[in-house]
Amino acid sequence: MADCRTTAEQAEAGRHRCAVAIGAPAVLWLTVFFLIPLGMAAVASLLTAGGYGGIEPPVTAANYLRIAGQGTFGFAPVYPLILGRSLLLGLVTTVLCLAAGLPLAFWIARLPGMFKTIGLTLVVIPFWTNLLIRTYAWQILLSPEGWVTGVARWIGLVDPGAALYPGMFAVSLCMLCDFLPFMVLPLYVSVEKLDASLVEAAADLGANRWNVFRHAIVPQIRSGLAAGVTLVFLPATGQFVIPDLLGGGKTALLGNLIQQQFGPSMDWPFGSAIAMVTLAVVLLGLWVASLMGGKQGGAELL
Amino acid sequence: MKTRSGTLHGVSVALLGFLYLPIVVVIVYSFNATRHGVAWSGFTLEWYRALLGNDLVLAAVRNTLWLAGASTLISTVLGTLLGCGLDRFRPAGRRWCGRLLQLPMVMPDIVMAVALVILFSLVRRWTGWFQLGMGTMVLAHVTLEIPFVAIVVRSRLAGFDSSLAEAAQDLGASRFQVFWWITFPLILPGILVGALLAFTLSLDDFVLSFFTTGPGASTLPIFIYSSVKRGITPEVNALSAIVIAFSIVAIVILTLLQRRWLR
Amino acid sequence: MRQAIGIWTLLLWSLCGTGRGEGRLNLFIWSEYIDPEVVAEFERQEDCRVVIDLYEDEAAMVAKLRSGGGGMYDVVVPPDHTVPGLRATGLIAPLRLENIPNLKNLRPKFRNPPFDPGNGYSVAYQWGTVGIYVRTSVVKAGASSWGVLFDPGLQPSKFALIDNPRDLIGAALNYRGHGLNSVDLGQLKEARDLIVAAKERCVGFDGSVGGKNKVLSRVADAAIVYSGEAARGMAEDPDTAFFIPKEGSQIWLDNLAVLAGAPHRDLAERFINFLLDPEIGARISNFTQCASPNLASTPFLKPDDLKNPVIYPPVEVMDRLEFLKDPGPRRKLYDELWTQIKTR
């Protein structure tokens, strides 16, 4: 009997060693090309930029003070403003995507058989087409002679000759369009598993529509909600391409600020500091999502 | 009840229309004869012809496919191995690996890109390695793709009980034989889906490529971005239309395959 | 297993091997800034391949070289004020002038420039000016001030700003009557506030080529562009015009330089020598519509271009123009200012 357990334990230990051995290359890769670079950025964020770019020794907290608003040109709360704007835009995008994603997810889940696959494929197609192309397309749609502008002008929302881009409106609209599939897909997965009898029971017991949604539906789709919110909010907060192409330089987010420092302004330490702040936002977001959706968090989608 | 589902119907179809608006507009304008701006001035195939004669575009297509192919190959191998091993890690290791895989998936890609730029430039200063170009782009893309492949393969694996493999092992099969004859065929669809996902991620990526690209290693997204910045749009419309057409064909094939395998 | 090892080796080998082929010249240059025919002729003559990467502003070019190192490209085309910085950071190599006999073709005033005494590191490629490119049917005739962009009373409803730190800050400094190269905190803040206010009203930031195309496509009715883009745009659309503001503006000289770690240094110097050939030099300027620093090219230049005041400004305009200078250690001021402008 004792002997038998030992063999079982040995087998278990052997399987474990084998698992570590085959998992090791990927873990090593992610350590070298993901964790270590992030560590380097963390160190760089505490150093000083050289005269012509580059990272130089004196250890300093100046980069973080600068994010807090203290710079060469005196106190100017530019960066807290950008942080706030990024979070706000992330939030707006998430709320818009939720508002649009919930009905879409329910609709697809209720489609009969074959149509369900088609509906799902229709949502997946934009998700797999290049984000850059879809973003650029909004430049056409919102330009002075674009289709959307044309409709808006016909309704009387914009003056003749004016364009709907660049600006915050264009960026939000494009964010909604680009991130909607990321919300719909995880929501759909949860909605499909929804136990309809609970909903009916709640309705039979006289709950109004809001209460049915709040108490009978939301608890059941919590993990989908958490995954969707994570997959929309976090990438949206650090977006660089959409504000760059549709914001006309008026809607810089954290991502643009980082690009700026690693591009023309050549201040890598400051750029690293902003990257660290972005990372902190992401970690905080993941933590909140895990509280919200139980264990699955954002990884559930795939 | 009837009107409510009618509203849901209408809203959902409208939302789908909204999702497809950008795709449709790019395709329509790729046939527009206007050189500057978006006023419609007649049908033309001129921009498609111009594309075929443009060496920069052809080089970008080649680079894009090469990059996607190489990074998919590496990330699929590494990601599959990790996906297979992950569930047999000790609980603490499993938890940490789960977090390690989750982070790159939701983190804004620009943070990853600049961290890699720092790594590359520091290592290059001491050793001369990591000259920016196709090589560094492959490294960056593989890093992005591994977590996706690993998670797809792992979730595929989670659906099976291990008794079959254990039985084979009891009957004297070596670990490699068990993997090759039992586990591998079972997870093959997962691997293929993971690989296709990795391939698409690579095709779709702009930010990582933008920061790690080097001489002559421009990809289609980089070409499109710089052309848009320069305001040269008709060729970009044609190019985008072609890219979109390819993506749609790929997804339809993928969906059909998935239906066959994942049942 | 053996196949797997084979594939890995092949992969690693191909990763190491990219970008360093023989008979290949890596050129990093402004967009629309060299005649493709000239490049093709060099490829035929030297039996090599020229791989071109493009940039829209010199700050992005310098940033790319900083992150990629001096071994990325063979030939780059830095403007005057960036040459000292590239030299100080060891990114460009001293030229072996014995390999560039065509240097003698340059006009004397473009040889031995103050930013690079004795042409140790760079030789002149093209020169031009910075000004405002407008749609004449929209912008009132007689407009002649930077106020077309910075004064809400004078501006057209749609205008674009240039996506280039020194060019744009310089324009704002000029508008306020300050010098292009000011490092005075007060003056710089004044310029910043002016630009931030203009940013709220503009249709975006574009490079020179992008600004020209925006005016051509009527997305904007005024944009800051370089003289070469303006001349080419005016040839395409006669309803457009270019002027150099009365408050003063910038004159620039772009240069050819070889990177310190250039994989093909000999080929790079032959390329530079080739571009300084009288006839080739003229073909380049006829294409870019920028001014040629090459005296020997004069007979081959288009006569119309030589008379075109957009390309070769008259003396009284030249008096209002100033070169940018490398601010040395104070360049961090410009970097921080630009970040504030772009992100506010």
# chains A, B, ... in the order shown; residues from 1 in each chain; ligands from 1
>>> select_by_dssp(residues="segment 147-227 of chain C", states="alpha helix (DSSP H)", output="JSON, numbers by chain")
{"C": [147, 148, 149, 150, 165, 166, 167, 168, 169, 170, 171, 172, 173, 174, 175, 185, 186, 187, 188, 189, 190, 191, 192, 193, 194, 195, 196, 197, 198, 199, 200, 201, 208, 209, 210, 211, 212, 213, 214, 215, 216, 227]}
>>> residues_around(residues="Tyr33 of chain C", least_positions_apart="6", cutoff="9 Å", atoms="only C-alpha atoms", output="PyMOL selection string")
chain C and resi 284+287-288
>>> interface_residues(of="chain B", to="chain A", cutoff="7 Å", atoms="only C-alpha atoms", output="MDAnalysis selection string")
chainID B and resid 8:9 12 19 22:23 25:26 38:39 78:79 81:82 85:86 88:89 102 106:108 110:111 115:116 118:119 143 152 200 204 221 240 244 247:248 251
>>> closest_atom_pairs(of="segment 144-250 of chain A", to="segment 147-159 of chain C", cutoff="12 Å", atoms="only C-alpha atoms", output="JSON lines")
{"residue": "A:Pro144", "atom": "CA", "partner": "C:Lys158", "partner_atom": "CA", "distance": 10.5}
{"residue": "A:Asp159", "atom": "CA", "partner": "C:Ser157", "partner_atom": "CA", "distance": 11.6}
{"residue": "A:Pro160", "atom": "CA", "partner": "C:Ser157", "partner_atom": "CA", "distance": 11.6}
{"residue": "A:Gly161", "atom": "CA", "partner": "C:Ser157", "partner_atom": "CA", "distance": 9.2}
{"residue": "A:Ala162", "atom": "CA", "partner": "C:Lys158", "partner_atom": "CA", "distance": 8.4}
{"residue": "A:Ala163", "atom": "CA", "partner": "C:Lys158", "partner_atom": "CA", "distance": 9.4}
{"residue": "A:Tyr165", "atom": "CA", "partner": "C:Lys158", "partner_atom": "CA", "distance": 11.4}
{"residue": "A:Pro166", "atom": "CA", "partner": "C:Lys158", "partner_atom": "CA", "distance": 11.2}
{"residue": "A:Gly248", "atom": "CA", "partner": "C:Phe159", "partner_atom": "CA", "distance": 11.5}
>>> write_last_selection(atoms="all heavy atoms", output="mmCIF file, in the first residue's frame")
data_model
loop_
_atom_site.group_PDB
_atom_site.id
_atom_site.type_symbol
_atom_site.label_atom_id
_atom_site.label_comp_id
_atom_site.auth_asym_id
_atom_site.auth_seq_id
_atom_site.Cartn_x
_atom_site.Cartn_y
_atom_site.Cartn_z
ATOM 1 N N PRO A 144 -15.375 66.596 -44.347
ATOM 2 C CA PRO A 144 -16.445 67.519 -44.743
ATOM 3 C C PRO A 144 -17.416 66.944 -45.773
ATOM 4 O O PRO A 144 -18.600 67.255 -45.765
ATOM 5 C CB PRO A 144 -15.683 68.708 -45.325
ATOM 6 C CG PRO A 144 -14.339 68.632 -44.734
ATOM 7 C CD PRO A 144 -14.058 67.200 -44.423
ATOM 8 N N ASP A 159 -22.719 72.610 -39.470
ATOM 9 C CA ASP A 159 -22.784 73.652 -40.489
ATOM 10 C C ASP A 159 -22.205 73.127 -41.791
ATOM 11 O O ASP A 159 -21.327 72.273 -41.779
ATOM 12 C CB ASP A 159 -21.973 74.867 -40.035
ATOM 13 C CG ASP A 159 -22.512 75.419 -38.730
ATOM 14 O OD1 ASP A 159 -23.730 75.301 -38.527
ATOM 15 O OD2 ASP A 159 -21.712 75.906 -37.921
ATOM 16 N N PRO A 160 -22.695 73.660 -42.927
ATOM 17 C CA PRO A 160 -22.117 73.258 -44.204
ATOM 18 C C PRO A 160 -20.612 73.550 -44.220
ATOM 19 O O PRO A 160 -20.165 74.564 -43.693
ATOM 20 C CB PRO A 160 -22.846 74.123 -45.234
ATOM 21 C CG PRO A 160 -23.890 74.871 -44.508
ATOM 22 C CD PRO A 160 -23.802 74.593 -43.062
ATOM 23 N N GLY A 161 -19.845 72.646 -44.803
ATOM 24 C CA GLY A 161 -18.414 72.873 -44.929
ATOM 25 C C GLY A 161 -17.635 72.420 -43.710
ATOM 26 O O GLY A 161 -16.430 72.248 -43.776
ATOM 27 N N ALA A 162 -18.325 72.246 -42.589
ATOM 28 C CA ALA A 162 -17.621 71.815 -41.391
ATOM 29 C C ALA A 162 -17.454 70.305 -41.399
ATOM 30 O O ALA A 162 -18.168 69.598 -42.089
ATOM 31 C CB ALA A 162 -18.386 72.250 -40.146
ATOM 32 N N ALA A 163 -16.472 69.817 -40.640
ATOM 33 C CA ALA A 163 -16.245 68.383 -40.547
ATOM 34 C C ALA A 163 -16.486 67.930 -39.123
ATOM 35 O O ALA A 163 -16.477 68.729 -38.201
ATOM 36 C CB ALA A 163 -14.821 68.051 -40.966
ATOM 37 N N TYR A 165 -14.581 65.644 -37.793
ATOM 38 C CA TYR A 165 -13.295 65.270 -37.222
ATOM 39 C C TYR A 165 -12.314 66.378 -37.533
ATOM 40 O O TYR A 165 -12.527 67.097 -38.496
ATOM 41 C CB TYR A 165 -12.858 63.912 -37.783
ATOM 42 C CG TYR A 165 -11.739 63.918 -38.793
ATOM 43 C CD1 TYR A 165 -10.434 63.686 -38.391
ATOM 44 C CD2 TYR A 165 -11.971 64.200 -40.141
ATOM 45 C CE1 TYR A 165 -9.398 63.696 -39.302
ATOM 46 C CE2 TYR A 165 -10.945 64.211 -41.050
ATOM 47 C CZ TYR A 165 -9.652 63.951 -40.619
ATOM 48 O OH TYR A 165 -8.629 63.963 -41.517
ATOM 49 N N PRO A 166 -11.234 66.612 -36.831
ATOM 50 C CA PRO A 166 -10.796 65.867 -35.663
ATOM 51 C C PRO A 166 -11.468 66.356 -34.385
ATOM 52 O O PRO A 166 -11.985 67.463 -34.354
ATOM 53 C CB PRO A 166 -9.306 66.184 -35.628
ATOM 54 C CG PRO A 166 -9.206 67.553 -36.177
ATOM 55 C CD PRO A 166 -10.304 67.693 -37.189
ATOM 56 N N GLY A 248 -6.597 64.788 -34.224
ATOM 57 C CA GLY A 248 -5.945 66.004 -34.685
ATOM 58 C C GLY A 248 -5.058 66.630 -33.625
ATOM 59 O O GLY A 248 -4.879 67.837 -33.586
#
>>> interface_residues(of="chain C", to="chain A", cutoff="7 Å", atoms="only C-alpha atoms", output="list in words")
Ala59, Ala60, Ala63, Gly85, Glu200, Val203, Gly204, Phe205, Pro329, Lys332, Asp335, Thr339, Gln340, Lys342, Thr343 and Arg344 of chain C
>>> interface_residues(of="chain C", to="chain B", cutoff="6 Å", atoms="only C-alpha atoms", output="ChimeraX atom specification")
/C:15,51,68,209-210,213,217
>>> write_last_selection(atoms="N, CA and C atoms", output="PDB file, in the first residue's frame")
ATOM      1  N   LEU C  15      16.981  35.207 -39.156  1.00  0.00           N
ATOM      2  CA  LEU C  15      16.804  36.387 -38.301  1.00  0.00           C
ATOM      3  C   LEU C  15      18.095  37.198 -38.262  1.00  0.00           C
ATOM      4  N   VAL C  51      17.228  50.472 -50.697  1.00  0.00           N
ATOM      5  CA  VAL C  51      16.045  50.279 -49.862  1.00  0.00           C
ATOM      6  C   VAL C  51      15.746  51.598 -49.162  1.00  0.00           C
ATOM      7  N   GLY C  68      17.476  53.087 -32.834  1.00  0.00           N
ATOM      8  CA  GLY C  68      17.958  51.987 -33.664  1.00  0.00           C
ATOM      9  C   GLY C  68      19.468  51.937 -33.805  1.00  0.00           C
ATOM     10  N   VAL C 209       4.302  67.348 -46.523  1.00  0.00           N
ATOM     11  CA  VAL C 209       3.600  66.680 -47.621  1.00  0.00           C
ATOM     12  C   VAL C 209       2.120  66.515 -47.269  1.00  0.00           C
ATOM     13  N   GLY C 210       1.856  66.126 -46.009  1.00  0.00           N
ATOM     14  CA  GLY C 210       0.471  65.959 -45.573  1.00  0.00           C
ATOM     15  C   GLY C 210      -0.295  67.281 -45.619  1.00  0.00           C
ATOM     16  N   ASN C 213      -1.192  68.097 -49.179  1.00  0.00           N
ATOM     17  CA  ASN C 213      -2.297  67.263 -49.660  1.00  0.00           C
ATOM     18  C   ASN C 213      -3.624  67.650 -49.020  1.00  0.00           C
ATOM     19  N   SER C 217      -6.841  68.669 -51.137  1.00  0.00           N
ATOM     20  CA  SER C 217      -8.114  67.951 -51.013  1.00  0.00           C
ATOM     21  C   SER C 217      -9.170  68.795 -50.313  1.00  0.00           C
TER      22      SER C 217
END
>>> atom_distance(atom1="atom CA of Glu236 of chain C", atom2="atom CA of Asp221 of chain C")
15.3 Å
>>> decode(residues="segment 195-247 of chain A", atoms="C-alpha atoms", output="PDB file, in the first residue's frame")
ATOM      1  CA  ASP A 195     -30.651  30.172 -17.180  1.00  0.00           C
ATOM      2  CA  ALA A 196     -33.919  31.551 -18.538  1.00  0.00           C
ATOM      3  CA  SER A 197     -36.028  29.947 -15.803  1.00  0.00           C
ATOM      4  CA  LEU A 198     -34.538  32.307 -13.193  1.00  0.00           C
ATOM      5  CA  VAL A 199     -35.492  35.291 -15.312  1.00  0.00           C
ATOM      6  CA  GLU A 200     -39.016  33.985 -15.816  1.00  0.00           C
ATOM      7  CA  ALA A 201     -39.338  33.211 -12.128  1.00  0.00           C
ATOM      8  CA  ALA A 202     -38.307  36.748 -11.236  1.00  0.00           C
ATOM      9  CA  ALA A 203     -40.802  38.158 -13.736  1.00  0.00           C
ATOM     10  CA  ASP A 204     -43.564  35.900 -12.389  1.00  0.00           C
ATOM     11  CA  LEU A 205     -42.851  37.118  -8.902  1.00  0.00           C
ATOM     12  CA  GLY A 206     -43.710  40.598 -10.100  1.00  0.00           C
ATOM     13  CA  ALA A 207     -40.256  42.148 -10.463  1.00  0.00           C
ATOM     14  CA  ASN A 208     -40.164  45.077 -12.876  1.00  0.00           C
ATOM     15  CA  ARG A 209     -37.848  44.983 -15.870  1.00  0.00           C
ATOM     16  CA  TRP A 210     -34.973  46.766 -14.186  1.00  0.00           C
ATOM     17  CA  ASN A 211     -35.133  44.485 -11.189  1.00  0.00           C
ATOM     18  CA  VAL A 212     -35.238  41.408 -13.394  1.00  0.00           C
ATOM     19  CA  PHE A 213     -32.134  42.650 -15.186  1.00  0.00           C
ATOM     20  CA  ARG A 214     -30.402  43.705 -11.992  1.00  0.00           C
ATOM     21  CA  HIS A 215     -31.118  40.640  -9.857  1.00  0.00           C
ATOM     22  CA  ALA A 216     -31.795  37.783 -12.259  1.00  0.00           C
ATOM     23  CA  ILE A 217     -29.586  38.543 -15.249  1.00  0.00           C
ATOM     24  CA  VAL A 218     -26.544  40.505 -14.101  1.00  0.00           C
ATOM     25  CA  PRO A 219     -25.374  37.940 -11.512  1.00  0.00           C
ATOM     26  CA  GLN A 220     -25.464  35.256 -14.195  1.00  0.00           C
ATOM     27  CA  ILE A 221     -23.442  37.166 -16.765  1.00  0.00           C
ATOM     28  CA  ARG A 222     -20.984  38.673 -14.298  1.00  0.00           C
ATOM     29  CA  SER A 223     -17.919  36.913 -15.670  1.00  0.00           C
ATOM     30  CA  GLY A 224     -18.791  37.998 -19.203  1.00  0.00           C
ATOM     31  CA  LEU A 225     -19.289  41.565 -18.048  1.00  0.00           C
ATOM     32  CA  ALA A 226     -15.947  41.545 -16.243  1.00  0.00           C
ATOM     33  CA  ALA A 227     -14.150  40.123 -19.276  1.00  0.00           C
ATOM     34  CA  GLY A 228     -15.797  42.598 -21.662  1.00  0.00           C
ATOM     35  CA  VAL A 229     -15.106  45.606 -19.465  1.00  0.00           C
ATOM     36  CA  THR A 230     -11.473  44.558 -19.058  1.00  0.00           C
ATOM     37  CA  LEU A 231     -10.958  43.960 -22.762  1.00  0.00           C
ATOM     38  CA  VAL A 232     -12.444  47.343 -23.660  1.00  0.00           C
ATOM     39  CA  PHE A 233     -11.426  49.644 -20.850  1.00  0.00           C
ATOM     40  CA  LEU A 234      -7.749  48.724 -20.528  1.00  0.00           C
ATOM     41  CA  PRO A 235      -6.690  48.856 -24.199  1.00  0.00           C
ATOM     42  CA  ALA A 236      -8.877  51.937 -24.778  1.00  0.00           C
ATOM     43  CA  THR A 237      -7.109  53.833 -22.017  1.00  0.00           C
ATOM     44  CA  GLY A 238      -3.727  53.423 -23.678  1.00  0.00           C
ATOM     45  CA  GLN A 239      -4.875  53.805 -27.300  1.00  0.00           C
ATOM     46  CA  PHE A 240      -2.406  55.554 -29.528  1.00  0.00           C
ATOM     47  CA  VAL A 241      -3.583  55.128 -33.123  1.00  0.00           C
ATOM     48  CA  ILE A 242      -7.185  56.313 -32.790  1.00  0.00           C
ATOM     49  CA  PRO A 243      -6.475  59.653 -31.052  1.00  0.00           C
ATOM     50  CA  ASP A 244      -3.512  60.105 -33.371  1.00  0.00           C
ATOM     51  CA  LEU A 245      -5.502  59.726 -36.599  1.00  0.00           C
ATOM     52  CA  LEU A 246      -8.855  61.163 -35.496  1.00  0.00           C
ATOM     53  CA  GLY A 247      -7.990  63.530 -32.660  1.00  0.00           C
TER      54      GLY A 247
END
